[in-house]
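As stored in final.txt (compact mmCIF, N, CA, C and O atoms):
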# COMPACT_ATOMS: atom_id res chain seq x y z
N MET K 1 -83.38 -126.65 -2.21
CA MET K 1 -83.48 -127.89 -2.94
C MET K 1 -82.47 -127.85 -4.07
O MET K 1 -82.08 -126.79 -4.54
N THR K 2 -82.06 -129.03 -4.49
CA THR K 2 -81.09 -129.14 -5.57
C THR K 2 -81.65 -130.00 -6.69
O THR K 2 -82.63 -130.73 -6.51
N VAL K 3 -80.99 -129.93 -7.83
CA VAL K 3 -81.36 -130.76 -8.96
C VAL K 3 -81.25 -132.23 -8.58
O VAL K 3 -82.12 -133.04 -8.90
N ASP K 4 -80.20 -132.59 -7.85
CA ASP K 4 -80.01 -133.98 -7.47
C ASP K 4 -81.12 -134.47 -6.53
O ASP K 4 -81.54 -135.63 -6.61
N GLU K 5 -81.60 -133.61 -5.64
CA GLU K 5 -82.72 -134.00 -4.77
C GLU K 5 -83.98 -134.26 -5.60
O GLU K 5 -84.72 -135.21 -5.33
N LEU K 6 -84.20 -133.42 -6.61
CA LEU K 6 -85.36 -133.63 -7.48
C LEU K 6 -85.22 -134.91 -8.29
O LEU K 6 -86.19 -135.66 -8.45
N LYS K 7 -84.02 -135.19 -8.79
CA LYS K 7 -83.80 -136.42 -9.54
C LYS K 7 -84.04 -137.64 -8.67
O LYS K 7 -84.64 -138.62 -9.11
N LYS K 8 -83.63 -137.56 -7.43
CA LYS K 8 -83.85 -138.68 -6.51
C LYS K 8 -85.35 -138.86 -6.25
O LYS K 8 -85.86 -139.98 -6.30
N TYR K 9 -86.06 -137.77 -6.02
CA TYR K 9 -87.49 -137.84 -5.76
C TYR K 9 -88.23 -138.44 -6.96
O TYR K 9 -89.10 -139.31 -6.80
N TYR K 10 -87.90 -137.98 -8.16
CA TYR K 10 -88.58 -138.46 -9.36
C TYR K 10 -87.98 -139.76 -9.91
O TYR K 10 -88.46 -140.28 -10.92
N LYS K 11 -86.95 -140.26 -9.25
CA LYS K 11 -86.32 -141.54 -9.60
C LYS K 11 -85.83 -141.57 -11.04
O LYS K 11 -86.15 -142.48 -11.81
N VAL K 12 -85.07 -140.53 -11.39
CA VAL K 12 -84.47 -140.46 -12.72
C VAL K 12 -82.96 -140.28 -12.56
O VAL K 12 -82.48 -139.81 -11.53
N ASN K 13 -82.22 -140.69 -13.59
CA ASN K 13 -80.77 -140.60 -13.54
C ASN K 13 -80.21 -139.42 -14.33
O ASN K 13 -79.13 -138.93 -14.03
N ARG K 14 -80.95 -138.99 -15.34
CA ARG K 14 -80.42 -137.95 -16.22
C ARG K 14 -81.19 -136.64 -16.06
O ARG K 14 -82.40 -136.64 -15.82
N ASP K 15 -80.46 -135.55 -16.23
CA ASP K 15 -81.09 -134.23 -16.18
C ASP K 15 -82.16 -134.11 -17.25
O ASP K 15 -83.20 -133.47 -17.03
N SER K 16 -81.94 -134.72 -18.41
CA SER K 16 -82.91 -134.63 -19.49
C SER K 16 -84.24 -135.30 -19.10
O SER K 16 -85.31 -134.83 -19.50
N ASP K 17 -84.18 -136.37 -18.33
CA ASP K 17 -85.40 -137.02 -17.86
C ASP K 17 -86.15 -136.11 -16.88
O ASP K 17 -87.38 -136.02 -16.92
N LEU K 18 -85.40 -135.46 -16.00
CA LEU K 18 -86.02 -134.52 -15.06
C LEU K 18 -86.67 -133.37 -15.82
O LEU K 18 -87.81 -132.98 -15.51
N ALA K 19 -85.99 -132.86 -16.82
CA ALA K 19 -86.54 -131.77 -17.64
C ALA K 19 -87.86 -132.18 -18.27
O ALA K 19 -88.83 -131.41 -18.27
N ARG K 20 -87.92 -133.38 -18.80
CA ARG K 20 -89.14 -133.88 -19.43
C ARG K 20 -90.28 -133.95 -18.42
O ARG K 20 -91.40 -133.49 -18.69
N ILE K 21 -90.01 -134.50 -17.24
CA ILE K 21 -91.04 -134.64 -16.21
C ILE K 21 -91.56 -133.28 -15.76
O ILE K 21 -92.76 -133.09 -15.56
N LEU K 22 -90.64 -132.33 -15.58
CA LEU K 22 -91.01 -131.01 -15.08
C LEU K 22 -91.45 -130.05 -16.19
O LEU K 22 -91.82 -128.91 -15.91
N GLU K 23 -91.38 -130.54 -17.44
CA GLU K 23 -91.73 -129.73 -18.60
C GLU K 23 -90.89 -128.46 -18.67
O GLU K 23 -91.38 -127.35 -18.88
N LYS K 24 -89.60 -128.65 -18.48
CA LYS K 24 -88.59 -127.59 -18.58
C LYS K 24 -87.58 -128.00 -19.65
O LYS K 24 -87.54 -129.16 -20.06
N THR K 25 -86.75 -127.07 -20.05
CA THR K 25 -85.70 -127.41 -21.01
C THR K 25 -84.49 -127.99 -20.28
O THR K 25 -84.32 -127.75 -19.08
N ARG K 26 -83.67 -128.72 -21.03
CA ARG K 26 -82.42 -129.20 -20.42
C ARG K 26 -81.55 -128.02 -20.03
O ARG K 26 -80.82 -128.09 -19.05
N GLY K 27 -81.64 -126.94 -20.80
CA GLY K 27 -80.88 -125.73 -20.48
C GLY K 27 -81.29 -125.14 -19.14
O GLY K 27 -80.45 -124.67 -18.38
N ALA K 28 -82.59 -125.18 -18.85
CA ALA K 28 -83.08 -124.66 -17.56
C ALA K 28 -82.52 -125.51 -16.41
O ALA K 28 -82.07 -124.96 -15.40
N ILE K 29 -82.53 -126.81 -16.59
CA ILE K 29 -82.01 -127.70 -15.54
C ILE K 29 -80.51 -127.44 -15.34
O ILE K 29 -80.02 -127.38 -14.21
N SER K 30 -79.79 -127.25 -16.43
CA SER K 30 -78.36 -126.95 -16.34
C SER K 30 -78.13 -125.63 -15.60
O SER K 30 -77.23 -125.53 -14.77
N LYS K 31 -78.95 -124.65 -15.89
CA LYS K 31 -78.83 -123.36 -15.21
C LYS K 31 -79.13 -123.51 -13.73
O LYS K 31 -78.46 -122.91 -12.88
N TRP K 32 -80.15 -124.31 -13.39
CA TRP K 32 -80.47 -124.56 -11.98
C TRP K 32 -79.27 -125.20 -11.28
O TRP K 32 -78.98 -124.90 -10.13
N ARG K 33 -78.60 -126.09 -11.99
CA ARG K 33 -77.46 -126.79 -11.40
C ARG K 33 -76.33 -125.80 -11.09
O ARG K 33 -75.68 -125.90 -10.05
N SER K 34 -76.11 -124.84 -11.96
CA SER K 34 -75.00 -123.91 -11.76
C SER K 34 -75.36 -122.69 -10.91
O SER K 34 -74.54 -122.23 -10.12
N LYS K 35 -76.59 -122.20 -11.04
CA LYS K 35 -76.96 -120.97 -10.34
C LYS K 35 -77.99 -121.17 -9.23
O LYS K 35 -78.32 -120.23 -8.52
N GLY K 36 -78.51 -122.38 -9.12
CA GLY K 36 -79.54 -122.66 -8.13
C GLY K 36 -80.92 -122.54 -8.73
O GLY K 36 -81.12 -121.86 -9.74
N ILE K 37 -81.87 -123.21 -8.12
CA ILE K 37 -83.25 -123.20 -8.58
C ILE K 37 -83.92 -121.93 -8.05
O ILE K 37 -83.83 -121.65 -6.85
N PRO K 38 -84.56 -121.16 -8.92
CA PRO K 38 -85.23 -119.93 -8.45
C PRO K 38 -86.21 -120.23 -7.31
O PRO K 38 -86.86 -121.27 -7.30
N GLU K 39 -86.30 -119.28 -6.38
CA GLU K 39 -87.12 -119.49 -5.19
C GLU K 39 -88.58 -119.76 -5.51
O GLU K 39 -89.20 -120.63 -4.89
N ASN K 40 -89.14 -119.05 -6.50
CA ASN K 40 -90.55 -119.28 -6.83
C ASN K 40 -90.76 -120.68 -7.42
O ASN K 40 -91.76 -121.34 -7.14
N THR K 41 -89.79 -121.15 -8.18
CA THR K 41 -89.86 -122.50 -8.74
C THR K 41 -89.73 -123.54 -7.63
O THR K 41 -90.44 -124.55 -7.62
N GLN K 42 -88.85 -123.27 -6.66
CA GLN K 42 -88.71 -124.19 -5.52
C GLN K 42 -90.02 -124.29 -4.75
O GLN K 42 -90.42 -125.39 -4.35
N ALA K 43 -90.69 -123.17 -4.57
CA ALA K 43 -91.96 -123.19 -3.84
C ALA K 43 -92.98 -124.06 -4.56
O ALA K 43 -93.67 -124.88 -3.94
N ILE K 44 -93.07 -123.91 -5.88
CA ILE K 44 -94.00 -124.71 -6.67
C ILE K 44 -93.65 -126.18 -6.58
O ILE K 44 -94.52 -127.04 -6.40
N LEU K 45 -92.36 -126.49 -6.69
CA LEU K 45 -91.93 -127.89 -6.65
C LEU K 45 -92.15 -128.50 -5.27
O LEU K 45 -92.46 -129.69 -5.15
N GLN K 46 -92.01 -127.71 -4.22
CA GLN K 46 -92.28 -128.22 -2.88
C GLN K 46 -93.75 -128.62 -2.77
O GLN K 46 -94.07 -129.68 -2.23
N ILE K 47 -94.63 -127.82 -3.34
CA ILE K 47 -96.06 -128.14 -3.32
C ILE K 47 -96.32 -129.38 -4.17
O ILE K 47 -97.04 -130.29 -3.74
N ARG K 48 -95.72 -129.44 -5.36
CA ARG K 48 -95.94 -130.58 -6.27
C ARG K 48 -95.45 -131.89 -5.68
O ARG K 48 -95.98 -132.95 -6.00
N THR K 49 -94.42 -131.82 -4.81
CA THR K 49 -93.88 -133.04 -4.20
C THR K 49 -94.49 -133.30 -2.82
O THR K 49 -94.01 -134.14 -2.08
N ASN K 50 -95.54 -132.55 -2.50
CA ASN K 50 -96.20 -132.69 -1.19
C ASN K 50 -95.22 -132.53 -0.03
O ASN K 50 -95.31 -133.23 0.97
N GLY K 51 -94.24 -131.63 -0.22
CA GLY K 51 -93.28 -131.34 0.84
C GLY K 51 -92.16 -132.35 0.97
O GLY K 51 -91.34 -132.25 1.89
N LYS K 52 -92.09 -133.33 0.10
CA LYS K 52 -91.02 -134.35 0.18
C LYS K 52 -89.67 -133.74 -0.19
O LYS K 52 -88.64 -134.18 0.30
N VAL K 53 -89.69 -132.74 -1.09
CA VAL K 53 -88.48 -132.00 -1.43
C VAL K 53 -88.74 -130.57 -0.98
O VAL K 53 -89.69 -129.94 -1.42
N LYS K 54 -87.91 -130.08 -0.08
CA LYS K 54 -88.14 -128.78 0.56
C LYS K 54 -87.43 -127.66 -0.17
O LYS K 54 -86.29 -127.81 -0.61
N ALA K 55 -88.10 -126.51 -0.24
CA ALA K 55 -87.49 -125.30 -0.77
C ALA K 55 -86.41 -124.82 0.19
O ALA K 55 -86.53 -125.00 1.41
N ASP K 56 -85.38 -124.23 -0.34
CA ASP K 56 -84.31 -123.64 0.46
C ASP K 56 -84.77 -122.26 0.91
O ASP K 56 -84.93 -121.36 0.09
N LEU K 57 -85.01 -122.10 2.20
CA LEU K 57 -85.55 -120.85 2.70
C LEU K 57 -84.49 -119.87 3.17
O LEU K 57 -84.81 -118.83 3.71
N SER K 58 -83.23 -120.18 2.93
CA SER K 58 -82.17 -119.25 3.31
C SER K 58 -81.98 -118.23 2.19
O SER K 58 -81.21 -118.42 1.28
N PHE K 59 -82.75 -117.15 2.28
CA PHE K 59 -82.74 -116.13 1.24
C PHE K 59 -81.39 -115.43 1.20
O PHE K 59 -80.82 -115.10 2.24
N LYS K 60 -80.92 -115.19 -0.01
CA LYS K 60 -79.64 -114.52 -0.21
C LYS K 60 -79.87 -113.03 -0.28
O LYS K 60 -80.70 -112.56 -1.03
N SER K 61 -79.10 -112.28 0.52
CA SER K 61 -79.22 -110.82 0.43
C SER K 61 -78.41 -110.33 -0.76
O SER K 61 -77.37 -110.87 -1.08
N LYS K 62 -78.93 -109.33 -1.44
CA LYS K 62 -78.28 -108.83 -2.65
C LYS K 62 -77.48 -107.58 -2.39
O LYS K 62 -77.73 -106.82 -1.57
Here is a file; write its structure as structure tokens.
Amino acid sequence: MTVDELKKYYKVNRDSDLARILEKTRGAISKWRSKGIPENTQAILQIRTNGKVKADLSFKSK
């Protein structure tokens, strides 16, 4: 999942609006945009959106 997919689901235009809805900081949203949304957070958001926004299950090997 991406920040833009979440913004579309929550029908917001700005990252700051998404941060407010998700009760995260704007800095966290910015970090998600550059480094990706952490897998555990994606799982929670997939549940919160009733599966409308899917977690990215392609795990990265380290």
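Neighbouring residues of Arg26 of chain K at 6 Å or closer, counting only N, CA, C and O atoms and skipping chain neighbours under 5 positions away, are Asp15, Ser16, Ala19 and Lys31 of chain K.
The coordinates place atom O of Asn40 of chain K at 22.5 Å from atom N of Asn13 of chain K.
If you look at atom CA of Ser30 of chain K and atom CA of Gln46 of chain K, they are 19.4 Å away from each other.
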| query | Can you list, as a count of residues only, every protein, DNA or RNA residue that comes within 9 Å of segment 1-10 of chain K when you count only C-alpha atoms, leaving out same-chain residues fewer than 2 positions away? | reply | 22
| All helix (DSSP H, G or I) residues (DSSP, backbone) inside segment 15-56 of chain K, as a PyMOL selection string | chain K and resi 15-22+26-35+39-48
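Atom pair atom C of Glu23 of chain K / atom N of Leu57 of chain K has a distance of 22.6 Å (rounded to one decimal).
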| task | Go through K:Glu39, K:Ala28, K:Ile44, K:Lys11 and flag the residue nearest Ser58 of chain K, using only C-alpha atoms for the distances. | result | K:Glu39
